[in-house]
$ cat upload_13.cif   # mmCIF, C-alpha atoms and all ligand atoms
data_run
loop_
_atom_site.group_PDB
_atom_site.id
_atom_site.type_symbol
_atom_site.label_atom_id
_atom_site.label_comp_id
_atom_site.auth_asym_id
_atom_site.auth_seq_id
_atom_site.Cartn_x
_atom_site.Cartn_y
_atom_site.Cartn_z
ATOM 1 C CA MET A 1 -16.449 82.695 -64.967
ATOM 2 C CA ALA A 2 -19.225 82.347 -62.403
ATOM 3 C CA LYS A 3 -22.155 84.754 -62.755
ATOM 4 C CA ALA A 4 -23.251 86.996 -59.932
ATOM 5 C CA ASN A 5 -26.074 84.703 -58.917
ATOM 6 C CA ASP A 6 -23.566 81.850 -58.696
ATOM 7 C CA LYS A 7 -21.407 83.724 -56.220
ATOM 8 C CA GLU A 8 -22.141 81.297 -53.443
ATOM 9 C CA GLU A 9 -20.700 78.460 -55.526
ATOM 10 C CA ARG A 10 -17.165 77.325 -54.918
ATOM 11 C CA THR A 11 -14.857 78.423 -57.666
ATOM 12 C CA PHE A 12 -12.434 75.836 -58.980
ATOM 13 C CA GLU A 13 -8.875 76.439 -60.081
ATOM 14 C CA GLU A 14 -7.666 75.232 -63.472
ATOM 15 C CA GLY A 15 -7.641 71.457 -63.576
ATOM 16 C CA GLU A 16 -8.939 71.047 -60.049
ATOM 17 C CA ILE A 17 -11.010 67.901 -59.678
ATOM 18 C CA ALA A 18 -12.991 67.477 -56.514
ATOM 19 C CA ALA A 19 -14.379 69.437 -53.642
ATOM 20 C CA PRO A 20 -11.435 70.828 -51.704
ATOM 21 C CA VAL A 21 -12.376 71.732 -48.172
ATOM 22 C CA ASP A 22 -10.256 74.371 -46.545
ATOM 23 C CA ASP A 23 -8.513 72.995 -43.471
ATOM 24 C CA SER A 24 -10.674 69.902 -43.639
ATOM 25 C CA PRO A 25 -10.034 67.173 -41.096
ATOM 26 C CA VAL A 26 -11.526 64.659 -43.512
ATOM 27 C CA PHE A 27 -10.533 65.381 -47.119
ATOM 28 C CA THR A 28 -7.892 66.910 -49.370
ATOM 29 C CA CYS A 29 -8.037 66.067 -53.064
ATOM 30 C CA ARG A 30 -4.798 64.462 -54.336
ATOM 31 C CA MET A 31 -5.682 65.116 -57.983
ATOM 32 C CA CYS A 32 -5.209 61.461 -58.910
ATOM 33 C CA GLY A 33 -8.170 61.513 -61.314
ATOM 34 C CA GLN A 34 -9.577 58.214 -60.069
ATOM 35 C CA CYS A 35 -13.062 59.677 -59.548
ATOM 36 C CA CYS A 36 -13.167 60.867 -63.172
ATOM 37 C CA HIS A 37 -12.820 57.291 -64.459
ATOM 38 C CA GLY A 38 -15.540 54.716 -64.959
ATOM 39 C CA GLN A 39 -18.843 54.462 -66.767
ATOM 40 C CA GLY A 40 -21.732 56.710 -65.847
ATOM 41 C CA GLY A 41 -22.669 58.535 -62.715
ATOM 42 C CA ILE A 42 -21.820 62.087 -63.716
ATOM 43 C CA VAL A 43 -25.376 63.377 -63.764
ATOM 44 C CA VAL A 44 -26.009 66.706 -65.460
ATOM 45 C CA SER A 45 -29.068 68.272 -63.849
ATOM 46 C CA PRO A 46 -30.965 71.118 -65.528
ATOM 47 C CA LYS A 47 -28.994 73.571 -63.348
ATOM 48 C CA ASP A 48 -25.726 71.844 -64.293
ATOM 49 C CA LEU A 49 -26.685 71.961 -67.952
ATOM 50 C CA ARG A 50 -27.211 75.724 -67.817
ATOM 51 C CA ARG A 51 -23.837 76.230 -66.156
ATOM 52 C CA ILE A 52 -21.759 73.863 -68.273
ATOM 53 C CA THR A 53 -23.186 75.099 -71.573
ATOM 54 C CA ARG A 54 -22.497 78.678 -70.500
ATOM 55 C CA VAL A 55 -18.897 77.802 -69.641
ATOM 56 C CA LEU A 56 -18.402 75.866 -72.879
ATOM 57 C CA GLY A 57 -20.203 78.515 -74.946
ATOM 58 C CA ILE A 58 -22.536 76.011 -76.598
ATOM 59 C CA ASP A 59 -26.257 75.325 -76.511
ATOM 60 C CA ALA A 60 -27.953 72.454 -74.721
ATOM 61 C CA GLU A 61 -28.553 70.430 -77.872
ATOM 62 C CA THR A 62 -24.896 70.638 -78.842
ATOM 63 C CA PHE A 63 -23.902 69.527 -75.355
ATOM 64 C CA ARG A 64 -26.259 66.566 -75.465
ATOM 65 C CA ARG A 65 -24.961 65.534 -78.880
ATOM 66 C CA GLU A 66 -21.233 66.065 -78.293
ATOM 67 C CA TYR A 67 -20.764 65.242 -74.625
ATOM 68 C CA GLY A 68 -23.918 63.750 -73.161
ATOM 69 C CA GLU A 69 -25.761 60.466 -72.968
ATOM 70 C CA GLU A 70 -29.002 59.361 -71.336
ATOM 71 C CA ARG A 71 -28.602 56.831 -68.533
ATOM 72 C CA GLY A 72 -31.376 55.772 -66.221
ATOM 73 C CA GLY A 73 -33.522 58.569 -67.620
ATOM 74 C CA LYS A 74 -30.973 61.240 -66.679
ATOM 75 C CA LEU A 75 -28.533 63.238 -68.750
ATOM 76 C CA GLN A 76 -24.953 62.262 -67.931
ATOM 77 C CA ILE A 77 -21.500 63.134 -69.226
ATOM 78 C CA ARG A 78 -20.165 60.601 -71.685
ATOM 79 C CA THR A 79 -17.128 58.436 -71.036
ATOM 80 C CA GLY A 80 -14.306 58.587 -73.578
ATOM 81 C CA ASP A 81 -12.401 55.694 -75.172
ATOM 82 C CA ASP A 82 -9.870 55.860 -72.339
ATOM 83 C CA GLY A 83 -12.581 55.013 -69.805
ATOM 84 C CA ALA A 84 -12.553 58.476 -68.262
ATOM 85 C CA CYS A 85 -15.004 61.325 -68.338
ATOM 86 C CA ILE A 86 -14.798 63.023 -71.709
ATOM 87 C CA PHE A 87 -13.595 66.209 -69.991
ATOM 88 C CA PHE A 88 -10.741 64.540 -68.117
ATOM 89 C CA ARG A 89 -7.189 64.888 -69.423
ATOM 90 C CA GLU A 90 -4.306 62.957 -67.932
ATOM 91 C CA GLY A 91 -1.904 65.384 -66.358
ATOM 92 C CA LYS A 92 -4.345 68.280 -66.657
ATOM 93 C CA GLY A 93 -7.315 67.110 -64.625
ATOM 94 C CA CYS A 94 -10.794 68.472 -65.271
ATOM 95 C CA THR A 95 -10.910 70.643 -68.380
ATOM 96 C CA VAL A 96 -14.352 72.021 -67.609
ATOM 97 C CA HIS A 97 -13.628 72.908 -63.992
ATOM 98 C CA ALA A 98 -15.707 76.090 -63.903
ATOM 99 C CA GLY A 99 -18.722 74.264 -65.300
ATOM 100 C CA LYS A 100 -18.473 70.851 -63.718
ATOM 101 C CA PRO A 101 -21.715 69.301 -62.453
ATOM 102 C CA ASP A 102 -22.717 69.409 -58.818
ATOM 103 C CA VAL A 103 -21.961 65.708 -58.310
ATOM 104 C CA CYS A 104 -18.317 66.465 -59.142
ATOM 105 C CA ARG A 105 -18.362 69.412 -56.753
ATOM 106 C CA ALA A 106 -19.850 67.220 -54.051
ATOM 107 C CA TRP A 107 -17.579 64.142 -54.157
ATOM 108 C CA PRO A 108 -16.617 62.535 -51.769
ATOM 109 C CA PHE A 109 -19.576 63.839 -49.794
ATOM 110 C CA PHE A 110 -22.082 61.590 -51.523
ATOM 111 C CA ARG A 111 -25.143 60.412 -49.615
ATOM 112 C CA GLY A 112 -23.889 56.831 -49.493
ATOM 113 C CA ASN A 113 -20.689 57.871 -47.768
ATOM 114 C CA ILE A 114 -22.560 60.173 -45.407
ATOM 115 C CA VAL A 115 -25.110 57.607 -44.238
ATOM 116 C CA ASP A 116 -23.134 54.362 -44.429
ATOM 117 C CA PRO A 117 -19.784 53.713 -42.664
ATOM 118 C CA GLU A 118 -19.080 50.736 -44.954
ATOM 119 C CA SER A 119 -19.561 52.866 -48.019
ATOM 120 C CA LEU A 120 -17.127 55.397 -46.569
ATOM 121 C CA ALA A 121 -14.613 52.611 -45.893
ATOM 122 C CA MET A 122 -14.807 51.584 -49.564
ATOM 123 C CA ALA A 123 -14.544 55.211 -50.632
ATOM 124 C CA LYS A 124 -11.344 55.516 -48.625
ATOM 125 C CA ASP A 125 -9.867 52.649 -50.648
ATOM 126 C CA PHE A 126 -10.953 54.326 -53.878
ATOM 127 C CA CYS A 127 -10.117 57.959 -53.134
ATOM 128 C CA PRO A 128 -6.741 58.785 -51.596
ATOM 129 C CA GLY A 129 -8.010 62.250 -50.709
ATOM 130 C CA ILE A 130 -10.209 60.999 -47.872
ATOM 131 C CA ARG A 131 -8.195 60.910 -44.696
ATOM 132 C CA ARG A 132 -7.735 57.350 -43.504
ATOM 133 C CA ASP A 133 -8.018 58.384 -39.868
ATOM 134 C CA CYS A 134 -11.286 60.283 -40.129
ATOM 135 C CA ASP A 135 -14.186 58.600 -38.382
ATOM 136 C CA HIS A 136 -17.578 58.283 -40.008
ATOM 137 C CA ALA A 137 -19.403 60.699 -37.710
ATOM 138 C CA THR A 138 -16.894 63.457 -38.417
ATOM 139 C CA PHE A 139 -16.987 62.762 -42.149
ATOM 140 C CA ALA A 140 -20.798 62.877 -42.162
ATOM 141 C CA ARG A 141 -20.914 66.117 -40.194
ATOM 142 C CA GLU A 142 -18.307 67.822 -42.382
ATOM 143 C CA GLY A 143 -19.907 66.483 -45.547
ATOM 144 C CA LYS A 144 -23.381 67.737 -44.717
ATOM 145 C CA ALA A 145 -22.013 71.128 -43.771
ATOM 146 C CA TYR A 146 -20.042 71.317 -47.036
ATOM 147 C CA LEU A 147 -23.026 70.357 -49.192
ATOM 148 C CA LYS A 148 -25.237 72.862 -47.430
ATOM 149 C CA LYS A 149 -22.708 75.698 -47.513
ATOM 150 C CA HIS A 150 -22.139 75.295 -51.244
ATOM 151 C CA HIS A 151 -25.778 74.725 -52.168
ATOM 152 C CA LEU A 152 -25.091 71.250 -53.501
ATOM 153 C CA LEU A 153 -28.038 69.460 -51.938
ATOM 154 C CA ALA A 154 -30.580 68.359 -54.526
ATOM 155 C CA SER A 155 -34.178 67.210 -54.250
ATOM 156 C CA ASP A 156 -35.366 66.174 -57.717
ATOM 157 C CA GLY A 157 -34.668 62.464 -58.088
ATOM 158 C CA GLU A 158 -35.989 62.504 -61.627
ATOM 159 C CA HIS A 159 -33.348 64.887 -62.972
ATOM 160 C CA GLU A 160 -30.659 65.285 -60.298
ATOM 161 C CA GLY A 161 -28.087 62.846 -58.968
ATOM 162 C CA TRP A 162 -29.216 60.599 -56.108
ATOM 163 C CA ALA A 163 -25.746 61.028 -54.662
ATOM 164 C CA VAL A 164 -26.572 64.603 -53.648
ATOM 165 C CA ILE A 165 -30.094 64.006 -52.365
ATOM 166 C CA LEU A 166 -30.232 63.613 -48.608
ATOM 167 C CA LYS A 167 -33.415 62.349 -46.974
ATOM 168 C CA ASP A 168 -34.982 63.513 -43.741
ATOM 169 C CA GLY A 169 -33.010 62.030 -40.910
ATOM 170 C CA ASP A 170 -29.809 61.464 -42.914
HETATM 171 S S1 LIG B 201 -10.253 60.151 -56.356
HETATM 172 FE FE1 LIG B 201 -10.177 61.553 -54.592
HETATM 173 S S2 LIG B 201 -8.108 62.332 -54.500
HETATM 174 FE FE2 LIG B 201 -8.377 61.411 -56.516
HETATM 175 S S3 LIG B 201 -8.996 63.153 -57.821
HETATM 176 FE FE3 LIG B 201 -10.860 62.192 -57.072
HETATM 177 S S4 LIG B 201 -11.415 63.318 -55.202
HETATM 178 FE FE4 LIG B 201 -9.265 63.800 -55.665
HETATM 179 S S1 LIG B 202 -16.618 66.911 -65.243
HETATM 180 FE FE1 LIG B 202 -14.512 67.179 -64.551
HETATM 181 S S2 LIG B 202 -14.522 66.608 -62.374
HETATM 182 FE FE2 LIG B 202 -16.405 65.812 -63.298
HETATM 183 S S3 LIG B 202 -15.897 63.684 -63.887
HETATM 184 FE FE3 LIG B 202 -15.536 65.008 -65.669
HETATM 185 S S4 LIG B 202 -13.359 65.534 -65.585
HETATM 186 FE FE4 LIG B 202 -13.952 64.767 -63.548
#
$ encode --input "upload_13.cif" --output "structure tokens"
Amino acid sequence: MAKANDKEERTFEEGEIAAPVDDSPVFTCRMCGQCCHGQGGIVVSPKDLRRITRVLGIDAETFRREYGEERGGKLQIRTGDDGACIFFREGKGCTVHAGKPDVCRAWPFFRGNIVDPESLAMAKDFCPGIRRDCDHATFAREGKAYLKKHHLLASDGEHEGWAVILKDGD
């Protein structure tokens, strides 16, 4: 489904949820769906919007109307009545895997977890995919390398998720 100029992006298998890292010492997604639940946070940047509308075969206005909502001045994916992302299906996982936003591709390598050991400790309680025995320095190193390799680092705080914006020195 990915276009030629997206070839550097990780491709996701049907239903796959988060950022699997081959032979990672820090993370292996358990497909529990926990990270697809909760209100807000799934920011759809302009780049994400182009990709997800292409995958869904709809235009941007239709996406905004059917699946989106504005939160904190940014376009985000709406939460359904079950409290999960509108694209999440129990037992199936992510139903828009090829078009999922970069924040979904990046989890659990969010800035907070990369810069703050306490945030990582909380993330370990939330996400069973993060190895309990991985230390923060290793997680941060692997996370930064993953984000860089897959072109997931963002820079536009007005339209992109803060979770994928690293600052100088992070
Ligand atoms: S919470 Fe963690 S293990 Fe569960 S689906 Fe999300 S990334 Fe995978
Ligand atoms: S787009 Fe997919 S991976 Fe992202 S929150 Fe929704 S269901 Fe989960």
$ closest_residue --input "upload_13.cif" --among "A:Glu160, A:Glu90, A:Glu66, A:Asp116" --to "ligand LIG 202 (chain B)" --atoms "only C-alpha atoms and all ligand atoms"
A:Glu90
$ closest_residue --input "upload_13.cif" --among "A:Phe109, A:Phe27, A:Phe87, A:Tyr67" --to "Gly143 (chain A)" --atoms "all atoms listed in the file"
A:Phe109
$ residues_near_ligand --input "upload_13.cif" --ligand "ligand LIG 201 (chain B)" --cutoff "10 Å" --atoms "only C-alpha atoms and all ligand atoms" --output "mmCIF file with C-alpha atoms, in the coordinates of the input"
data_model
loop_
_atom_site.group_PDB
_atom_site.id
_atom_site.type_symbol
_atom_site.label_atom_id
_atom_site.label_comp_id
_atom_site.auth_asym_id
_atom_site.auth_seq_id
_atom_site.Cartn_x
_atom_site.Cartn_y
_atom_site.Cartn_z
ATOM 1 C CA GLU A 16 -8.939 71.047 -60.049
ATOM 2 C CA ILE A 17 -11.010 67.901 -59.678
ATOM 3 C CA ALA A 18 -12.991 67.477 -56.514
ATOM 4 C CA ALA A 19 -14.379 69.437 -53.642
ATOM 5 C CA PRO A 20 -11.435 70.828 -51.704
ATOM 6 C CA PHE A 27 -10.533 65.381 -47.119
ATOM 7 C CA THR A 28 -7.892 66.910 -49.370
ATOM 8 C CA CYS A 29 -8.037 66.067 -53.064
ATOM 9 C CA ARG A 30 -4.798 64.462 -54.336
ATOM 10 C CA MET A 31 -5.682 65.116 -57.983
ATOM 11 C CA CYS A 32 -5.209 61.461 -58.910
ATOM 12 C CA GLY A 33 -8.170 61.513 -61.314
ATOM 13 C CA GLN A 34 -9.577 58.214 -60.069
ATOM 14 C CA CYS A 35 -13.062 59.677 -59.548
ATOM 15 C CA CYS A 36 -13.167 60.867 -63.172
ATOM 16 C CA HIS A 37 -12.820 57.291 -64.459
ATOM 17 C CA GLY A 93 -7.315 67.110 -64.625
ATOM 18 C CA CYS A 94 -10.794 68.472 -65.271
ATOM 19 C CA CYS A 104 -18.317 66.465 -59.142
ATOM 20 C CA ARG A 105 -18.362 69.412 -56.753
ATOM 21 C CA ALA A 106 -19.850 67.220 -54.051
ATOM 22 C CA TRP A 107 -17.579 64.142 -54.157
ATOM 23 C CA PRO A 108 -16.617 62.535 -51.769
ATOM 24 C CA PHE A 109 -19.576 63.839 -49.794
ATOM 25 C CA ALA A 123 -14.544 55.211 -50.632
ATOM 26 C CA LYS A 124 -11.344 55.516 -48.625
ATOM 27 C CA ASP A 125 -9.867 52.649 -50.648
ATOM 28 C CA PHE A 126 -10.953 54.326 -53.878
ATOM 29 C CA CYS A 127 -10.117 57.959 -53.134
ATOM 30 C CA PRO A 128 -6.741 58.785 -51.596
ATOM 31 C CA GLY A 129 -8.010 62.250 -50.709
ATOM 32 C CA ILE A 130 -10.209 60.999 -47.872
ATOM 33 C CA ARG A 131 -8.195 60.910 -44.696
#
$ atom_distance --input "upload_13.cif" --atom1 "CA of Cys85 (chain A)" --atom2 "atom FE4 of ligand LIG 202 (chain B)"
6.0 Å
$ atom_distance --input "upload_13.cif" --atom1 "CA of Phe110 (chain A)" --atom2 "CA of Val43 (chain A)"
12.8 Å
$ atom_distance --input "upload_13.cif" --atom1 "CA of Glu70 (chain A)" --atom2 "CA of Gly40 (chain A)"
9.5 Å
$ resolve_selection --input "upload_13.cif" --expression "the PyMOL selection byres (((chain A and resi 63) around 12) and not hetatm)" --output "PyMOL selection string"
chain A and resi 44+48-62+64-69+75-78+86
